[in-house]
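Visitor: Pasting work.cif below, which is mmCIF, C-alpha atoms.
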```
data_input
#
loop_
_atom_site.label_atom_id
_atom_site.label_comp_id
_atom_site.auth_asym_id
_atom_site.auth_seq_id
_atom_site.Cartn_x
_atom_site.Cartn_y
_atom_site.Cartn_z
CA MET A 1 0.00 0.00 0.00
CA VAL A 2 1.06 3.61 -0.60
CA PHE A 3 2.37 5.39 2.54
CA LYS A 4 2.70 2.06 4.37
CA ARG A 5 5.91 1.49 6.33
CA ARG A 6 8.39 -0.88 4.67
CA SER A 7 9.23 -2.44 8.02
CA PRO A 8 6.27 -2.41 10.46
CA ARG A 9 7.09 -1.26 13.99
CA ASN A 10 6.93 -3.83 16.76
CA PHE A 11 5.14 -3.21 20.06
CA ARG A 12 8.29 -1.94 21.80
CA GLU A 13 8.97 0.61 19.04
CA LYS A 14 5.37 1.83 19.15
CA LEU A 15 5.62 2.24 22.92
CA VAL A 16 8.88 4.19 22.67
CA ASN A 17 7.46 6.42 19.91
CA LEU A 18 4.70 7.51 22.26
CA VAL A 19 7.38 9.42 24.16
CA ILE A 20 10.19 9.83 21.62
CA PRO A 21 9.31 10.57 17.95
CA GLY A 22 10.72 8.14 15.41
CA GLY A 23 13.11 10.71 13.94
CA GLY A 24 14.10 12.21 17.27
CA TRP A 25 13.00 15.49 18.89
CA GLY A 26 15.34 17.60 16.75
CA ARG A 27 13.88 16.30 13.52
CA SER A 28 10.35 16.69 14.86
CA ALA A 29 11.05 20.30 15.88
CA ASN A 30 12.43 21.06 12.41
CA TYR A 31 9.34 19.52 10.84
CA VAL A 32 7.03 21.65 13.00
CA MET A 33 8.92 24.83 12.11
CA HIS A 34 8.88 23.89 8.41
CA ARG A 35 5.13 23.33 8.51
CA LEU A 36 4.51 26.59 10.38
CA ARG A 37 6.46 28.63 7.83
CA ARG A 38 4.61 27.09 4.89
CA LEU A 39 1.05 27.44 6.20
CA PRO A 40 -1.19 29.23 3.68
CA ASP A 41 -2.16 32.18 5.86
CA SER A 42 -0.93 35.61 6.89
CA PRO A 43 2.13 35.75 9.19
CA GLU A 44 0.06 37.58 11.82
CA ARG A 45 -2.60 34.85 11.98
CA ILE A 46 0.02 32.09 12.07
CA ALA A 47 1.89 33.85 14.88
CA LYS A 48 -1.36 34.16 16.86
CA GLY A 49 -1.90 30.45 16.40
CA VAL A 50 1.61 29.74 17.65
CA ALA A 51 0.99 31.89 20.73
CA ALA A 52 -2.27 30.06 21.42
CA GLY A 53 -0.66 26.62 21.15
CA VAL A 54 2.27 27.56 23.37
CA ALA A 55 0.01 29.12 26.00
CA VAL A 56 -2.35 26.15 26.19
CA SER A 57 0.60 23.74 26.53
CA CYS A 58 1.28 25.26 29.94
CA THR A 59 -2.13 24.26 31.34
CA PRO A 60 -3.13 20.92 32.91
CA LEU A 61 -5.70 20.20 30.18
CA PHE A 62 -3.97 16.96 29.19
CA GLY A 63 -5.91 15.18 26.47
CA LEU A 64 -7.66 18.44 25.59
CA HIS A 65 -4.69 20.56 24.49
CA PHE A 66 -5.64 20.34 20.81
CA VAL A 67 -9.24 21.36 21.49
CA ALA A 68 -8.22 24.17 23.84
CA ALA A 69 -5.50 25.45 21.47
CA ALA A 70 -7.88 25.44 18.50
CA SER A 71 -10.55 27.25 20.53
CA LEU A 72 -8.12 29.91 21.73
CA ALA A 73 -6.71 30.39 18.22
CA TRP A 74 -10.24 30.81 16.88
CA ALA A 75 -11.02 33.40 19.58
CA LEU A 76 -7.82 35.30 18.73
CA ARG A 77 -8.53 35.03 14.98
CA GLY A 78 -5.35 33.03 14.61
CA ASN A 79 -4.48 30.03 12.46
CA ILE A 80 -5.93 26.89 14.03
CA LEU A 81 -3.48 24.47 12.41
CA ALA A 82 -0.59 26.61 13.67
CA SER A 83 -2.00 26.36 17.20
CA LEU A 84 -2.13 22.56 16.96
CA LEU A 85 1.47 22.39 15.74
CA ALA A 86 2.60 24.79 18.47
CA THR A 87 1.37 22.47 21.23
CA PHE A 88 4.66 20.68 20.48
CA PHE A 89 6.01 23.23 22.99
CA GLY A 90 4.69 20.85 25.62
CA ASN A 91 6.85 17.73 25.46
CA PRO A 92 8.56 15.34 27.90
CA PHE A 93 11.48 17.80 28.23
CA THR A 94 9.40 20.90 29.04
CA PHE A 95 6.48 19.36 30.92
CA PRO A 96 8.40 18.78 34.19
CA VAL A 97 9.58 22.40 34.23
CA ILE A 98 6.12 23.71 33.34
CA ALA A 99 4.39 21.51 35.92
CA VAL A 100 6.69 22.45 38.80
CA SER A 101 6.62 26.16 37.93
CA ALA A 102 2.83 26.23 37.53
CA LEU A 103 2.19 24.34 40.77
CA GLU A 104 4.60 26.51 42.75
CA LEU A 105 3.21 29.76 41.33
CA GLY A 106 -0.41 28.69 41.71
CA SER A 107 0.10 27.54 45.30
CA PHE A 108 1.88 30.80 46.13
CA LEU A 109 -0.97 32.90 44.72
CA LEU A 110 -3.50 30.81 46.67
CA GLY A 111 -1.53 31.41 49.86
CA ARG A 112 -0.58 27.79 50.43
CA GLU A 113 2.52 26.95 52.39
CA ARG A 114 3.23 23.82 50.38
CA SER A 115 2.66 22.95 46.73
CA ALA A 116 2.30 19.49 45.24
CA LYS A 117 5.48 18.12 43.72
CA ALA A 118 5.74 16.85 40.15
CA PRO A 119 5.66 13.12 41.10
CA GLU A 120 2.55 13.75 43.21
CA ALA A 121 0.87 15.56 40.32
CA ILE A 122 1.68 12.76 37.87
CA ARG A 123 0.36 10.16 40.29
CA ALA A 124 -2.79 12.23 40.90
CA PHE A 125 -3.48 12.51 37.16
CA GLY A 126 -3.12 8.75 36.83
CA GLU A 127 -5.46 8.13 39.76
CA ILE A 128 -8.13 10.49 38.46
CA TRP A 129 -8.14 8.89 35.02
CA GLY A 130 -8.40 5.51 36.73
CA GLU A 131 -11.37 6.76 38.74
CA PHE A 132 -13.04 8.05 35.59
CA GLY A 133 -12.53 4.66 33.97
CA ARG A 134 -14.00 2.76 36.92
CA ASN A 135 -17.01 5.09 37.11
CA PHE A 136 -17.59 4.68 33.39
CA LEU A 137 -17.71 0.91 33.82
CA ALA A 138 -20.02 1.39 36.80
CA ILE A 139 -22.65 2.75 34.40
CA PHE A 140 -23.06 -0.76 33.00
CA THR A 141 -22.66 -2.68 36.28
CA ASP A 142 -23.89 -2.57 39.87
CA ALA A 143 -20.60 -1.10 41.12
CA PRO A 144 -20.94 2.16 43.08
CA PHE A 145 -19.61 5.50 41.83
CA HIS A 146 -16.67 7.07 43.68
CA TRP A 147 -15.52 10.68 43.27
CA GLU A 148 -13.28 11.09 46.31
CA LYS A 149 -10.10 11.40 44.28
CA LEU A 150 -11.70 13.95 41.95
CA SER A 151 -12.49 16.41 44.74
CA LYS A 152 -9.02 16.07 46.26
CA PHE A 153 -7.37 16.27 42.84
CA GLY A 154 -9.33 19.40 41.89
CA TRP A 155 -8.34 21.44 44.92
CA ASP A 156 -4.83 20.11 45.54
CA ILE A 157 -3.56 19.77 41.96
CA PHE A 158 -5.79 21.14 39.23
CA VAL A 159 -6.68 24.55 40.70
CA PRO A 160 -3.10 25.68 41.49
CA TYR A 161 -1.77 24.08 38.29
CA MET A 162 -4.42 25.82 36.19
CA LEU A 163 -3.93 29.19 37.89
CA GLY A 164 -0.15 29.06 37.57
CA GLY A 165 -0.33 27.50 34.11
CA VAL A 166 -2.50 30.28 32.69
CA ILE A 167 -0.08 32.93 33.92
CA ILE A 168 2.97 31.04 32.66
CA GLY A 169 1.12 30.40 29.39
CA VAL A 170 0.65 34.13 28.87
CA ILE A 171 4.30 34.77 29.77
CA CYS A 172 5.40 32.19 27.18
CA GLY A 173 2.71 32.83 24.58
CA VAL A 174 3.26 36.57 24.14
CA PRO A 175 7.01 36.24 23.35
CA ALA A 176 6.18 33.28 21.09
CA TYR A 177 4.03 35.62 18.99
CA PHE A 178 6.65 38.34 18.69
CA LEU A 179 9.47 35.85 18.03
CA SER A 180 7.64 33.79 15.41
CA LEU A 181 6.16 36.74 13.49
CA PRO A 182 9.45 38.12 12.06
CA VAL A 183 10.72 34.59 11.34
CA ILE A 184 7.61 33.76 9.31
CA ARG A 185 7.73 37.14 7.52
CA ALA A 186 11.41 36.70 6.63
CA TYR A 187 10.78 33.20 5.30
CA ARG A 188 7.85 34.42 3.19
CA ASN A 189 9.89 37.31 1.76
CA ARG A 190 12.84 35.04 0.95
CA ARG A 191 10.56 32.49 -0.70
CA LEU A 192 8.80 35.19 -2.71
CA LYS A 193 12.16 36.55 -3.85
CA LYS A 194 13.26 33.10 -5.04
CA LEU A 195 10.01 32.64 -6.94
CA GLN A 196 10.47 36.01 -8.62
CA GLU A 197 14.05 35.11 -9.59
CA ARG A 198 12.88 31.81 -11.09
CA PHE A 199 10.16 33.62 -13.00
CA GLU A 200 12.62 36.15 -14.37
CA LEU A 201 15.06 33.41 -15.37
CA ALA A 202 12.30 31.49 -17.13
CA ARG A 203 11.14 34.66 -18.92
CA LYS A 204 14.67 35.51 -20.15
CA THR A 205 15.20 31.93 -21.30
CA GLN A 206 11.95 32.07 -23.23
CA GLU A 207 12.90 35.39 -24.86
CA LYS A 208 16.24 33.98 -26.09
CA LYS A 209 14.53 31.17 -27.95
CA PRO A 210 14.10 31.87 -31.72
#
```
If you took the structure in this file and wrote it as structure tokens, what would it be?
Guide:
Amino acid sequence: MVFKRRSPRNFREKLVNLVIPGGGWGRSANYVMHRLRRLPDSPERIAKGVAAGVAVSCTPLFGLHFVAAASLAWALRGNILASLLATFFGNPFTFPVIAVSALELGSFLLGRERSAKAPEAIRAFGEIWGEFGRNFLAIFTDAPFHWEKLSKFGWDIFVPYMLGGVIIGVICGVPAYFLSLPVIRAYRNRRLKKLQERFELARKTQEKKP
């Protein structure tokens, strides 16, 4: 079949690729930048999309980052596809830094003496998804519903993470807009110049023909 891998990945490779892209993070970052520069939209709208994706990546909306980024890009009149690509800002290398910073900042603003640590937050996210899964199965069985972990998770983890994440998202998103805008403009101008040079060369070649 067309586009089918020559050598299918085994289970171990699929599991590793969930965390590490097949071509490595450097290659993936280059691909994202290449796609952003070539999006068929104005540089301003693409830059707004980038800012939206970067900002949303700093929030604890795991599993909903694409939806949240697209919604924010739409509200800002930015490019939605650019916002989806820019969620690459949140990756296994940046997530620990973002999580710790957001939890510390959020807990400080809420006046708490202690903030949850990154391992606690990861464990809490795992527990809450497990609770959601068990309660979903309870719909079809006689098992009781339990929401104890949700209430504790919401106040101890989600609220400070969300509060700190929104602030950090703005701090990261605004520079992302102003940094990506000139890069996209420069790429567009350079590409336009090359197209004009090719057109001129083709025109001169055509004129020389008898």
Visitor: Quick one: pull the distance between atom CA of A:Leu163 and atom CA of A:Ala102, Å, one decimal.
Guide: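 Going from atom CA of A:Leu163 over to atom CA of A:Ala102, I get 7.4 Å.
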Visitor: Translate the PyMOL selection byres ((chain A and resi 131) around 9) into a concrete residue list for this structure, as a PyMOL selection string.
Guide: chain A and resi 126-130+132-136+145-150
Visitor: Would you compute the distance between atom CA of A:Ala51 and atom CA of A:Phe108? Give it in Å to one decimal.
Guide: 25.4 Å
Visitor: What is the distance, in Å and to one decimal place, between atom CA of A:Ile167 and atom CA of A:Val56?
Guide: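 Pair atom CA of A:Ile167 / atom CA of A:Val56 returns 10.5 Å.
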Visitor: Considering all atoms listed in the file, state which residue in the set A:Pro144, A:Gly78, A:Gly173, A:Gly154 is at the smallest distance from A:Leu39.
Guide: A:Gly78
Visitor: From the list A:Ala99, A:Leu137, A:Val183, A:Ala52, which residue is nearest A:Ala70 when using only C-alpha atoms?
Guide: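 Looking at the shortest contact to A:Ala70, the residue is A:Ala52.
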Visitor: Applying the PyMOL selection byres ((chain A and resi 65) around 12) to the file I just gave you, which residues come out? Please list them as a PyMOL selection string.
Guide: chain A and resi 52-64+66-73+83-91
Visitor: Produce stretch 117-129 of chain A of the given structure as output with N, CA and C atoms, as an mmCIF file, in the first residue's frame.
Guide:
```cif
data_model
loop_
_atom_site.group_PDB
_atom_site.id
_atom_site.type_symbol
_atom_site.label_atom_id
_atom_site.label_comp_id
_atom_site.auth_asym_id
_atom_site.auth_seq_id
_atom_site.Cartn_x
_atom_site.Cartn_y
_atom_site.Cartn_z
ATOM 1 N N LYS A 117 4.284 18.343 44.536
ATOM 2 C CA LYS A 117 5.478 18.116 43.720
ATOM 3 C C LYS A 117 5.095 17.403 42.425
ATOM 4 N N ALA A 118 6.015 17.440 41.460
ATOM 5 C CA ALA A 118 5.743 16.852 40.146
ATOM 6 C C ALA A 118 5.350 15.370 40.234
ATOM 7 N N PRO A 119 6.066 14.527 41.007
ATOM 8 C CA PRO A 119 5.655 13.117 41.101
ATOM 9 C C PRO A 119 4.249 12.954 41.669
ATOM 10 N N GLU A 120 3.900 13.810 42.647
ATOM 11 C CA GLU A 120 2.552 13.749 43.212
ATOM 12 C C GLU A 120 1.510 14.114 42.164
ATOM 13 N N ALA A 121 1.802 15.136 41.359
ATOM 14 C CA ALA A 121 0.866 15.564 40.322
ATOM 15 C C ALA A 121 0.673 14.474 39.282
ATOM 16 N N ILE A 122 1.777 13.832 38.864
ATOM 17 C CA ILE A 122 1.680 12.758 37.870
ATOM 18 C C ILE A 122 0.853 11.606 38.416
ATOM 19 N N ARG A 123 1.114 11.249 39.671
ATOM 20 C CA ARG A 123 0.358 10.159 40.292
ATOM 21 C C ARG A 123 -1.124 10.521 40.407
ATOM 22 N N ALA A 124 -1.407 11.790 40.754
ATOM 23 C CA ALA A 124 -2.794 12.234 40.900
ATOM 24 C C ALA A 124 -3.534 12.188 39.570
ATOM 25 N N PHE A 125 -2.853 12.578 38.481
ATOM 26 C CA PHE A 125 -3.483 12.510 37.160
ATOM 27 C C PHE A 125 -3.798 11.060 36.799
ATOM 28 N N GLY A 126 -2.868 10.160 37.107
ATOM 29 C CA GLY A 126 -3.116 8.745 36.831
ATOM 30 C C GLY A 126 -4.289 8.208 37.628
ATOM 31 N N GLU A 127 -4.375 8.594 38.907
ATOM 32 C CA GLU A 127 -5.461 8.130 39.759
ATOM 33 C C GLU A 127 -6.807 8.654 39.294
ATOM 34 N N ILE A 128 -6.851 9.911 38.866
ATOM 35 C CA ILE A 128 -8.132 10.492 38.456
ATOM 36 C C ILE A 128 -8.626 9.862 37.169
ATOM 37 N N TRP A 129 -7.705 9.569 36.243
ATOM 38 C CA TRP A 129 -8.136 8.890 35.021
ATOM 39 C C TRP A 129 -8.597 7.469 35.330
#
```
